[in-house]
file input19.tsv (TSV, C-alpha atoms and all ligand atoms)
chain	number	residue	atom	x	y	z
A	1	MET	CA	158.00	-5.03	-109.98
A	2	LEU	CA	160.18	-7.51	-111.83
A	3	LEU	CA	161.35	-9.37	-108.71
A	4	GLU	CA	158.20	-9.28	-106.57
A	5	GLY	CA	158.37	-11.94	-103.85
A	6	LYS	CA	161.82	-13.22	-104.82
A	7	THR	CA	164.56	-13.96	-102.31
A	8	VAL	CA	168.06	-12.92	-103.37
A	9	LEU	CA	171.39	-13.90	-101.84
A	10	LEU	CA	174.10	-11.40	-102.82
A	11	THR	CA	177.81	-11.45	-102.02
A	12	GLY	CA	180.05	-8.40	-101.65
A	13	GLY	CA	177.02	-6.18	-101.13
A	14	ALA	CA	178.40	-3.78	-98.54
A	15	ARG	CA	179.55	-1.21	-101.10
A	16	GLY	CA	180.16	-0.49	-104.77
A	17	LEU	CA	178.32	-2.48	-107.42
A	18	GLY	CA	176.98	-4.96	-104.86
A	19	ALA	CA	175.24	-2.21	-102.87
A	20	ALA	CA	173.75	-0.81	-106.12
A	21	ILE	CA	172.48	-4.28	-107.07
A	22	ALA	CA	170.89	-4.71	-103.62
A	23	GLN	CA	169.16	-1.34	-103.85
A	24	ARG	CA	167.92	-1.97	-107.40
A	25	MET	CA	166.61	-5.48	-106.61
A	26	VAL	CA	164.72	-4.25	-103.53
A	27	LEU	CA	163.12	-1.53	-105.68
A	28	GLU	CA	161.86	-4.36	-107.91
A	29	GLY	CA	160.22	-6.11	-104.95
A	30	ALA	CA	162.89	-8.60	-103.86
A	31	THR	CA	164.05	-9.43	-100.37
A	32	VAL	CA	167.86	-9.24	-100.46
A	33	ALA	CA	170.34	-10.85	-98.09
A	34	ILE	CA	173.41	-8.65	-98.39
A	35	THR	CA	176.56	-10.51	-97.41
A	36	ASP	CA	180.13	-9.28	-97.10
A	37	ILE	CA	183.24	-9.40	-94.94
A	38	LEU	CA	182.80	-5.67	-94.23
A	39	GLU	CA	180.31	-6.03	-91.38
A	40	SER	CA	179.68	-2.42	-90.34
A	41	GLU	CA	179.48	-1.16	-93.95
A	42	GLY	CA	177.21	-4.08	-94.82
A	43	LYS	CA	174.85	-3.35	-91.92
A	44	GLU	CA	174.74	0.36	-92.82
A	45	THR	CA	173.96	-0.48	-96.45
A	46	ALA	CA	171.14	-2.84	-95.45
A	47	GLU	CA	169.69	-0.24	-93.04
A	48	ARG	CA	169.86	2.47	-95.70
A	49	ILE	CA	168.03	0.26	-98.20
A	50	GLY	CA	165.26	-0.63	-95.77
A	51	ASP	CA	163.25	-3.56	-94.41
A	52	GLN	CA	163.58	-5.74	-97.47
A	53	ALA	CA	167.36	-5.86	-97.05
A	54	VAL	CA	169.15	-7.77	-94.32
A	55	PHE	CA	172.88	-8.09	-93.67
A	56	MET	CA	174.60	-11.42	-92.98
A	57	PRO	CA	178.38	-11.72	-92.58
A	58	LEU	CA	179.97	-14.07	-95.11
A	59	ASN	CA	183.49	-14.66	-96.31
A	60	VAL	CA	182.90	-16.32	-99.69
A	61	THR	CA	185.95	-18.55	-99.26
A	62	ASP	CA	184.52	-20.12	-96.10
A	63	GLU	CA	182.61	-23.25	-97.07
A	64	HIS	CA	180.94	-23.67	-93.68
A	65	ALA	CA	179.86	-20.01	-93.57
A	66	TRP	CA	178.00	-20.51	-96.88
A	67	THR	CA	175.94	-23.30	-95.30
A	68	VAL	CA	175.15	-21.13	-92.28
A	69	VAL	CA	173.99	-18.20	-94.43
A	70	VAL	CA	171.93	-20.34	-96.81
A	71	ASP	CA	170.26	-22.20	-93.91
A	72	GLU	CA	169.49	-18.92	-92.15
A	73	LEU	CA	167.97	-17.44	-95.29
A	74	LEU	CA	165.91	-20.59	-95.93
A	75	ASN	CA	164.63	-20.38	-92.34
A	76	ARG	CA	163.58	-16.77	-92.91
A	77	THR	CA	162.04	-16.98	-96.37
A	78	GLY	CA	161.75	-20.69	-97.22
A	79	LYS	CA	163.54	-20.31	-100.57
A	80	ILE	CA	166.39	-18.76	-102.51
A	81	ASP	CA	165.39	-17.64	-106.00
A	82	VAL	CA	168.52	-15.76	-107.04
A	83	LEU	CA	172.21	-15.96	-106.12
A	84	VAL	CA	174.40	-13.04	-107.19
A	85	ASN	CA	178.12	-13.81	-106.88
A	86	ASN	CA	179.51	-10.27	-106.89
A	87	ALA	CA	182.30	-10.28	-104.25
A	88	ALA	CA	185.77	-10.15	-105.73
A	89	ILE	CA	189.26	-8.76	-105.20
A	90	LEU	CA	191.68	-7.12	-107.62
A	91	HIS	CA	195.42	-7.42	-107.94
A	92	MET	CA	197.30	-5.39	-110.51
A	93	GLY	CA	200.82	-6.41	-111.40
A	94	ILE	CA	202.82	-8.07	-114.12
A	95	ILE	CA	203.40	-11.83	-113.83
A	96	GLU	CA	206.96	-11.43	-112.49
A	97	ASN	CA	205.64	-9.21	-109.67
A	98	THR	CA	202.72	-11.46	-108.73
A	99	SER	CA	203.46	-13.99	-106.01
A	100	SER	CA	201.95	-17.47	-106.08
A	101	ASP	CA	200.07	-16.54	-102.89
A	102	GLN	CA	198.54	-13.48	-104.58
A	103	PHE	CA	197.58	-15.56	-107.62
A	104	ARG	CA	196.01	-18.30	-105.48
A	105	ARG	CA	194.14	-15.70	-103.41
A	106	LEU	CA	192.55	-14.24	-106.57
A	107	LEU	CA	191.35	-17.69	-107.63
A	108	GLU	CA	190.19	-18.45	-104.08
A	109	VAL	CA	187.98	-15.35	-103.73
A	110	ASN	CA	186.95	-14.71	-107.35
A	111	THR	CA	186.41	-18.28	-108.57
A	112	THR	CA	186.24	-20.75	-105.68
A	113	GLY	CA	183.97	-18.36	-103.72
A	114	PRO	CA	181.28	-18.32	-106.47
A	115	PHE	CA	181.70	-22.10	-106.91
A	116	LEU	CA	181.00	-22.66	-103.20
A	117	GLY	CA	177.97	-20.38	-103.41
A	118	MET	CA	176.59	-22.19	-106.44
A	119	ARG	CA	177.13	-25.55	-104.82
A	120	THR	CA	175.33	-24.48	-101.65
A	121	VAL	CA	172.24	-23.01	-103.34
A	122	VAL	CA	171.80	-25.78	-105.89
A	123	ARG	CA	170.04	-28.09	-103.40
A	124	PRO	CA	167.23	-25.67	-102.44
A	125	MET	CA	166.95	-24.41	-106.03
A	126	LYS	CA	166.61	-27.99	-107.32
A	127	SER	CA	163.90	-28.68	-104.71
A	128	ALA	CA	162.04	-25.57	-105.88
A	129	GLY	CA	162.56	-26.50	-109.55
A	130	SER	CA	163.86	-23.04	-110.39
A	131	GLY	CA	166.62	-20.56	-109.71
A	132	SER	CA	168.84	-17.94	-111.28
A	133	ILE	CA	172.56	-17.70	-110.57
A	134	ILE	CA	174.30	-14.52	-111.74
A	135	ASN	CA	178.06	-14.33	-111.67
A	136	ILE	CA	179.65	-10.90	-111.97
A	137	THR	CA	182.72	-11.20	-114.16
A	138	SER	CA	184.16	-8.23	-116.09
A	139	VAL	CA	184.78	-6.92	-119.59
A	140	ASP	CA	188.28	-8.22	-118.87
A	141	SER	CA	186.85	-11.73	-119.04
A	142	LEU	CA	185.95	-11.07	-122.69
A	143	LEU	CA	188.77	-8.75	-123.75
A	144	PRO	CA	191.88	-9.20	-121.60
A	145	LEU	CA	194.32	-6.52	-120.55
A	146	ASN	CA	197.99	-6.93	-119.71
A	147	GLY	CA	199.22	-6.48	-116.15
A	148	LEU	CA	196.16	-8.07	-114.56
A	149	SER	CA	196.77	-11.72	-115.35
A	150	GLY	CA	195.73	-13.19	-111.98
A	151	TYR	CA	192.46	-11.23	-111.88
A	152	ILE	CA	191.73	-12.03	-115.52
A	153	ALA	CA	192.48	-15.74	-115.04
A	154	SER	CA	190.05	-15.81	-112.10
A	155	LYS	CA	187.28	-14.16	-114.13
A	156	TRP	CA	187.81	-16.34	-117.23
A	157	ALA	CA	187.59	-19.38	-114.97
A	158	LEU	CA	184.34	-18.04	-113.54
A	159	ARG	CA	182.94	-17.64	-117.08
A	160	GLY	CA	183.85	-21.24	-117.89
A	161	LEU	CA	182.35	-22.48	-114.64
A	162	SER	CA	179.15	-20.56	-115.39
A	163	LYS	CA	178.74	-22.06	-118.87
A	164	SER	CA	179.34	-25.60	-117.66
A	165	ALA	CA	176.90	-25.06	-114.78
A	166	ALA	CA	174.28	-23.61	-117.17
A	167	LEU	CA	174.38	-26.87	-119.14
A	168	GLU	CA	174.43	-29.06	-116.02
A	169	LEU	CA	171.57	-27.33	-114.21
A	170	GLY	CA	169.24	-26.29	-117.04
A	171	ARG	CA	167.09	-29.41	-116.74
A	172	ASP	CA	166.54	-28.58	-113.06
A	173	GLY	CA	165.16	-25.15	-113.99
A	174	ILE	CA	168.28	-23.35	-112.80
A	175	ARG	CA	169.81	-20.70	-115.06
A	176	VAL	CA	173.40	-19.51	-114.80
A	177	ASN	CA	174.61	-16.31	-116.49
A	178	CYS	CA	177.39	-13.73	-116.24
A	179	VAL	CA	177.19	-9.96	-116.17
A	180	CYS	CA	180.40	-8.37	-117.45
A	181	PRO	CA	180.72	-4.75	-116.25
A	182	VAL	CA	183.16	-2.21	-117.56
A	183	GLY	CA	185.10	-0.19	-114.93
A	184	GLY	CA	182.66	1.89	-112.97
A	185	ASN	CA	183.59	1.84	-109.30
A	186	ASP	CA	186.84	3.38	-108.09
A	187	ALA	CA	186.70	1.77	-104.63
A	188	MET	CA	188.08	-1.47	-106.02
A	189	PHE	CA	191.00	0.46	-107.53
A	190	SER	CA	191.66	2.63	-104.47
A	191	THR	CA	194.93	0.87	-103.62
A	192	TRP	CA	196.14	1.25	-107.20
A	193	GLN	CA	194.85	4.76	-107.92
A	194	PRO	CA	198.13	6.68	-107.44
A	195	HIS	CA	199.80	4.23	-109.83
A	196	LEU	CA	196.98	4.56	-112.40
A	197	ASP	CA	197.10	8.36	-112.23
A	198	GLN	CA	200.60	8.28	-113.76
A	199	PHE	CA	199.06	6.78	-116.91
A	200	GLY	CA	196.13	9.19	-117.20
A	201	GLU	CA	196.22	9.75	-120.96
A	202	GLU	CA	196.57	6.11	-121.88
A	203	ILE	CA	193.68	5.19	-119.60
A	204	THR	CA	191.50	7.96	-121.08
A	205	ALA	CA	192.30	6.66	-124.58
A	206	TYR	CA	191.25	3.16	-123.48
A	207	GLY	CA	187.84	4.56	-122.48
A	208	ASN	CA	187.53	6.61	-125.69
A	209	CYS	CA	187.38	3.48	-127.89
A	210	ARG	CA	183.83	2.70	-126.73
A	211	GLY	CA	180.70	3.26	-128.77
A	212	ILE	CA	178.88	5.02	-125.92
A	213	GLN	CA	181.11	7.59	-124.25
A	214	GLU	CA	179.28	8.22	-121.00
A	215	THR	CA	180.45	6.34	-117.92
A	216	VAL	CA	178.28	3.32	-117.17
A	217	ALA	CA	176.63	3.93	-113.80
A	218	LEU	CA	176.48	1.18	-111.19
A	219	GLU	CA	172.67	1.36	-111.37
A	220	GLU	CA	172.85	0.60	-115.10
A	221	MET	CA	174.97	-2.47	-114.39
A	222	ALA	CA	172.46	-3.48	-111.72
A	223	ASP	CA	169.67	-3.30	-114.33
A	224	ALA	CA	171.31	-6.22	-116.17
A	225	VAL	CA	171.32	-8.22	-112.93
A	226	VAL	CA	167.62	-7.47	-112.43
A	227	PHE	CA	166.90	-8.70	-115.96
A	228	LEU	CA	168.77	-11.98	-115.43
A	229	GLY	CA	167.14	-12.51	-112.04
A	230	SER	CA	163.64	-11.94	-113.41
A	231	GLU	CA	161.20	-13.95	-115.50
A	232	LEU	CA	161.97	-11.69	-118.47
A	233	SER	CA	165.08	-13.82	-119.01
A	234	ARG	CA	163.41	-17.19	-118.30
A	235	LYS	CA	164.95	-18.87	-121.36
A	236	VAL	CA	168.33	-17.12	-121.08
A	237	THR	CA	171.17	-19.23	-119.72
A	238	GLY	CA	174.90	-19.57	-120.27
A	239	ILE	CA	175.38	-16.03	-121.57
A	240	ASP	CA	177.85	-13.24	-120.90
A	241	LEU	CA	176.03	-9.92	-120.78
A	242	PRO	CA	178.47	-7.04	-121.16
A	243	VAL	CA	177.30	-3.72	-119.69
A	244	ASP	CA	180.10	-1.73	-121.20
A	245	GLY	CA	178.89	0.94	-123.64
A	246	GLY	CA	180.15	-1.20	-126.52
A	247	HIS	CA	183.65	-1.62	-125.11
A	248	THR	CA	183.86	-5.27	-126.20
A	249	ALA	CA	182.07	-4.67	-129.53
A	250	GLY	CA	185.29	-3.50	-131.15
A	251	THR	CA	187.29	-0.31	-131.46
A	252	TYR	CA	185.84	3.10	-132.28
A	253	LEU	CA	188.15	5.34	-134.34
A	254	GLU	CA	187.08	8.98	-134.50
A	255	ALA	CA	189.08	9.45	-137.72
A	256	PHE	CA	186.99	6.81	-139.53
A	257	ASN	CA	183.70	8.41	-138.49
A	258	THR	CA	184.15	11.62	-140.46
A	259	GLN	CA	183.56	10.32	-144.02
A	301	LIG	N1	185.41	-1.80	-110.11
A	301	LIG	C1	185.42	-2.04	-111.40
A	301	LIG	O1	185.84	-1.19	-112.19
A	301	LIG	C2	184.92	-3.38	-111.94
A	301	LIG	C3	185.00	-3.60	-113.33
A	301	LIG	C4	184.55	-4.81	-113.84
A	301	LIG	C5	184.03	-5.76	-112.99
A	301	LIG	N2	183.97	-5.52	-111.65
A	301	LIG	C6	183.42	-6.59	-110.81
A	301	LIG	O2	182.29	-6.08	-110.12
A	301	LIG	C7	182.16	-6.73	-108.86
A	301	LIG	C8	182.02	-5.70	-107.74
A	301	LIG	O3	183.19	-4.93	-107.69
A	301	LIG	P1	183.22	-3.45	-107.10
A	301	LIG	O4	183.75	-2.57	-108.17
A	301	LIG	O5	181.93	-3.10	-106.47
A	301	LIG	O6	184.39	-3.63	-106.02
A	301	LIG	P2	184.44	-3.33	-104.44
A	301	LIG	O7	185.83	-3.67	-104.04
A	301	LIG	O8	183.92	-1.98	-104.15
A	301	LIG	O9	183.39	-4.39	-103.84
A	301	LIG	C9	183.69	-5.75	-103.68
A	301	LIG	C10	183.06	-6.21	-102.40
A	301	LIG	O10	183.43	-7.59	-102.21
A	301	LIG	C11	183.76	-7.76	-100.85
A	301	LIG	N3	184.68	-8.91	-100.67
A	301	LIG	C12	185.98	-8.98	-101.01
A	301	LIG	N4	186.47	-10.17	-100.63
A	301	LIG	C13	185.45	-10.85	-100.07
A	301	LIG	C14	185.33	-12.14	-99.49
A	301	LIG	N5	186.38	-12.98	-99.38
A	301	LIG	N6	184.12	-12.54	-99.03
A	301	LIG	C15	183.06	-11.70	-99.09
A	301	LIG	N7	183.09	-10.46	-99.60
A	301	LIG	C16	184.30	-10.05	-100.08
A	301	LIG	C17	184.43	-6.45	-100.45
A	301	LIG	O11	184.44	-6.28	-99.03
A	301	LIG	C18	183.56	-5.43	-101.17
A	301	LIG	O12	182.48	-4.99	-100.39
A	301	LIG	C19	183.38	-7.63	-108.73
A	301	LIG	O13	183.05	-8.95	-109.10
A	301	LIG	C20	184.36	-7.03	-109.71
A	301	LIG	O14	185.32	-7.97	-110.17
A	301	LIG	C21	184.39	-4.34	-111.11
call {"tool": "encode", "arguments": {"input": "input19.tsv", "output": "structure tokens", "more": "lines below"}}
Ligand SMILES: NC(=O)c1ccc[n+]([C@@H]2O[C@H](COP(=O)([O-])OP(=O)(O)OC[C@H]3O[C@@H](n4cnc5c(N)ncnc54)[C@H](O)[C@@H]3O)[C@@H](O)[C@H]2O)c1
result
Amino acid sequence: MLLEGKTVLLTGGARGLGAAIAQRMVLEGATVAITDILESEGKETAERIGDQAVFMPLNVTDEHAWTVVVDELLNRTGKIDVLVNNAAILHMGIIENTSSDQFRRLLEVNTTGPFLGMRTVVRPMKSAGSGSIINITSVDSLLPLNGLSGYIASKWALRGLSKSAALELGRDGIRVNCVCPVGGNDAMFSTWQPHLDQFGEEITAYGNCRGIQETVALEEMADAVVFLGSELSRKVTGIDLPVDGGHTAGTYLEAFNTQ
């Protein structure tokens, strides 16, 4: 039980990776506040996971709503040990086809949202003298792709924010790290799927360059979050932890592996 007795605040937990993180953290003994803008899905997810999960509505861009959720959680459990900033949106499109509103929206949800969350939990974490903040970025924040510049800018900014915060908050016992997943959940791509299907072979080739060929399961990504939320990582701060089957390690060429 790596997270026995810990209280976790998680964003974007109604579905996808967030729901897998919630499930995995509860299995390790944590109490998890699942937040999301998807209220009915969020409630269903919390009910499915059981008594140690509770749903609270939260739009991560709403500064006041962060205060409400953090105060409510502090009233329930008296502390917040771990914040997982997982909620994010995706926009695919070349720069010419991305409007300034779309670009700003990506930064608002994917970067300002986690910033607001960090700022709100820092006070109770400082009072407790400990805390772990885990920001979910992406392999794209280590190895960029074309045609995703707004999303990638938002995730690189989140990496930078995380490193600066790790330095700023380390003396208060608060750690700040990033988990960088490789693609693993199609729900985020659902709007773009028909478009992606046209490029099937190229996308398969992109996946084939990895060291480990099997798809990374959401539960395996959640394991990295458990590690960073637990005492096993008590001296780990300011890192990017890719869970990507070696995707960012370099390029695997089958032809070179036959000597
Ligand atoms: N899907 C992938 O292939 C992939 C790859 C690398 C990294 N990631 C990252 O993993 C994380 C989870 O993504 P996912 O694949 O589970 O996507 P998803 O779209 O299934 O889940 C994201 C969740 O965030 C919520 N959300 C969106 N905007 C919000 C807002 N303003 N306030 C609160 N909640 C909001 C959504 O309702 C949804 O439940 C994200 O940070 C994403 O960038 C995903």
call {"tool": "atom_distance", "arguments": {"input": "input19.tsv", "atom1": "CA of Ala88 (chain A)", "atom2": "atom P2 of ligand LIG 301 (chain A)"}}
result
7.1 Å
call {"tool": "residues_near_ligand", "arguments": {"input": "input19.tsv", "ligand": "ligand LIG 301 (chain A)", "cutoff": "9 Å", "atoms": "all atoms listed in the file", "output": "ChimeraX atom specification"}}
result
/A:11-20,35-39,41-42,57-62,85-90,108-110,113,135-141,151,155,179-190,218
call {"tool": "write_last_selection", "arguments": {"input": "input19.tsv", "atoms": "C-alpha atoms", "output": "PDB file, in the coordinates of the input"}}
result
ATOM      1  CA  THR A  11     177.810 -11.450-102.020  1.00  0.00           C
ATOM      2  CA  GLY A  12     180.050  -8.400-101.650  1.00  0.00           C
ATOM      3  CA  GLY A  13     177.020  -6.180-101.130  1.00  0.00           C
ATOM      4  CA  ALA A  14     178.400  -3.780 -98.540  1.00  0.00           C
ATOM      5  CA  ARG A  15     179.550  -1.210-101.100  1.00  0.00           C
ATOM      6  CA  GLY A  16     180.160  -0.490-104.770  1.00  0.00           C
ATOM      7  CA  LEU A  17     178.320  -2.480-107.420  1.00  0.00           C
ATOM      8  CA  GLY A  18     176.980  -4.960-104.860  1.00  0.00           C
ATOM      9  CA  ALA A  19     175.240  -2.210-102.870  1.00  0.00           C
ATOM     10  CA  ALA A  20     173.750  -0.810-106.120  1.00  0.00           C
ATOM     11  CA  THR A  35     176.560 -10.510 -97.410  1.00  0.00           C
ATOM     12  CA  ASP A  36     180.130  -9.280 -97.100  1.00  0.00           C
ATOM     13  CA  ILE A  37     183.240  -9.400 -94.940  1.00  0.00           C
ATOM     14  CA  LEU A  38     182.800  -5.670 -94.230  1.00  0.00           C
ATOM     15  CA  GLU A  39     180.310  -6.030 -91.380  1.00  0.00           C
ATOM     16  CA  GLU A  41     179.480  -1.160 -93.950  1.00  0.00           C
ATOM     17  CA  GLY A  42     177.210  -4.080 -94.820  1.00  0.00           C
ATOM     18  CA  PRO A  57     178.380 -11.720 -92.580  1.00  0.00           C
ATOM     19  CA  LEU A  58     179.970 -14.070 -95.110  1.00  0.00           C
ATOM     20  CA  ASN A  59     183.490 -14.660 -96.310  1.00  0.00           C
ATOM     21  CA  VAL A  60     182.900 -16.320 -99.690  1.00  0.00           C
ATOM     22  CA  THR A  61     185.950 -18.550 -99.260  1.00  0.00           C
ATOM     23  CA  ASP A  62     184.520 -20.120 -96.100  1.00  0.00           C
ATOM     24  CA  ASN A  85     178.120 -13.810-106.880  1.00  0.00           C
ATOM     25  CA  ASN A  86     179.510 -10.270-106.890  1.00  0.00           C
ATOM     26  CA  ALA A  87     182.300 -10.280-104.250  1.00  0.00           C
ATOM     27  CA  ALA A  88     185.770 -10.150-105.730  1.00  0.00           C
ATOM     28  CA  ILE A  89     189.260  -8.760-105.200  1.00  0.00           C
ATOM     29  CA  LEU A  90     191.680  -7.120-107.620  1.00  0.00           C
ATOM     30  CA  GLU A 108     190.190 -18.450-104.080  1.00  0.00           C
ATOM     31  CA  VAL A 109     187.980 -15.350-103.730  1.00  0.00           C
ATOM     32  CA  ASN A 110     186.950 -14.710-107.350  1.00  0.00           C
ATOM     33  CA  GLY A 113     183.970 -18.360-103.720  1.00  0.00           C
ATOM     34  CA  ASN A 135     178.060 -14.330-111.670  1.00  0.00           C
ATOM     35  CA  ILE A 136     179.650 -10.900-111.970  1.00  0.00           C
ATOM     36  CA  THR A 137     182.720 -11.200-114.160  1.00  0.00           C
ATOM     37  CA  SER A 138     184.160  -8.230-116.090  1.00  0.00           C
ATOM     38  CA  VAL A 139     184.780  -6.920-119.590  1.00  0.00           C
ATOM     39  CA  ASP A 140     188.280  -8.220-118.870  1.00  0.00           C
ATOM     40  CA  SER A 141     186.850 -11.730-119.040  1.00  0.00           C
ATOM     41  CA  TYR A 151     192.460 -11.230-111.880  1.00  0.00           C
ATOM     42  CA  LYS A 155     187.280 -14.160-114.130  1.00  0.00           C
ATOM     43  CA  VAL A 179     177.190  -9.960-116.170  1.00  0.00           C
ATOM     44  CA  CYS A 180     180.400  -8.370-117.450  1.00  0.00           C
ATOM     45  CA  PRO A 181     180.720  -4.750-116.250  1.00  0.00           C
ATOM     46  CA  VAL A 182     183.160  -2.210-117.560  1.00  0.00           C
ATOM     47  CA  GLY A 183     185.100  -0.190-114.930  1.00  0.00           C
ATOM     48  CA  GLY A 184     182.660   1.890-112.970  1.00  0.00           C
ATOM     49  CA  ASN A 185     183.590   1.840-109.300  1.00  0.00           C
ATOM     50  CA  ASP A 186     186.840   3.380-108.090  1.00  0.00           C
ATOM     51  CA  ALA A 187     186.700   1.770-104.630  1.00  0.00           C
ATOM     52  CA  MET A 188     188.080  -1.470-106.020  1.00  0.00           C
ATOM     53  CA  PHE A 189     191.000   0.460-107.530  1.00  0.00           C
ATOM     54  CA  SER A 190     191.660   2.630-104.470  1.00  0.00           C
ATOM     55  CA  LEU A 218     176.480   1.180-111.190  1.00  0.00           C
TER      56      LEU A 218
END
call {"tool": "residues_around", "arguments": {"input": "input19.tsv", "residues": "Gly131 (chain A)", "least_positions_apart": "4", "cutoff": "8 Å", "atoms": "all atoms listed in the file", "output": "compact mmCIF listing (two decimals) with C-alpha atoms, keeping the file's coordinate frame"}}
result
# COMPACT_ATOMS: atom_id res chain seq x y z
CA ILE A 80 166.39 -18.76 -102.51
CA ASP A 81 165.39 -17.64 -106.00
CA VAL A 82 168.52 -15.76 -107.04
CA MET A 125 166.95 -24.41 -106.03
CA LYS A 126 166.61 -27.99 -107.32
CA GLY A 173 165.16 -25.15 -113.99
CA ILE A 174 168.28 -23.35 -112.80
CA ARG A 175 169.81 -20.70 -115.06
call {"tool": "atom_distance", "arguments": {"input": "input19.tsv", "atom1": "CA of Gly93 (chain A)", "atom2": "CA of Gly207 (chain A)"}}
result
20.3 Å
call {"tool": "closest_residue", "arguments": {"input": "input19.tsv", "among": "A:Ile239, A:Ala224, A:Val69, A:Met92", "to": "Leu161 (chain A)", "atoms": "only C-alpha atoms"}}
result
A:Ile239
call {"tool": "closest_residue", "arguments": {"input": "input19.tsv", "among": "A:Thr120, A:Asn257, A:Thr111, A:Ser230", "to": "Gly5 (chain A)", "atoms": "only C-alpha atoms"}}
result
A:Ser230
call {"tool": "atom_distance", "arguments": {"input": "input19.tsv", "atom1": "CA of Gln259 (chain A)", "atom2": "CA of Asn208 (chain A)"}}
result
19.1 Å
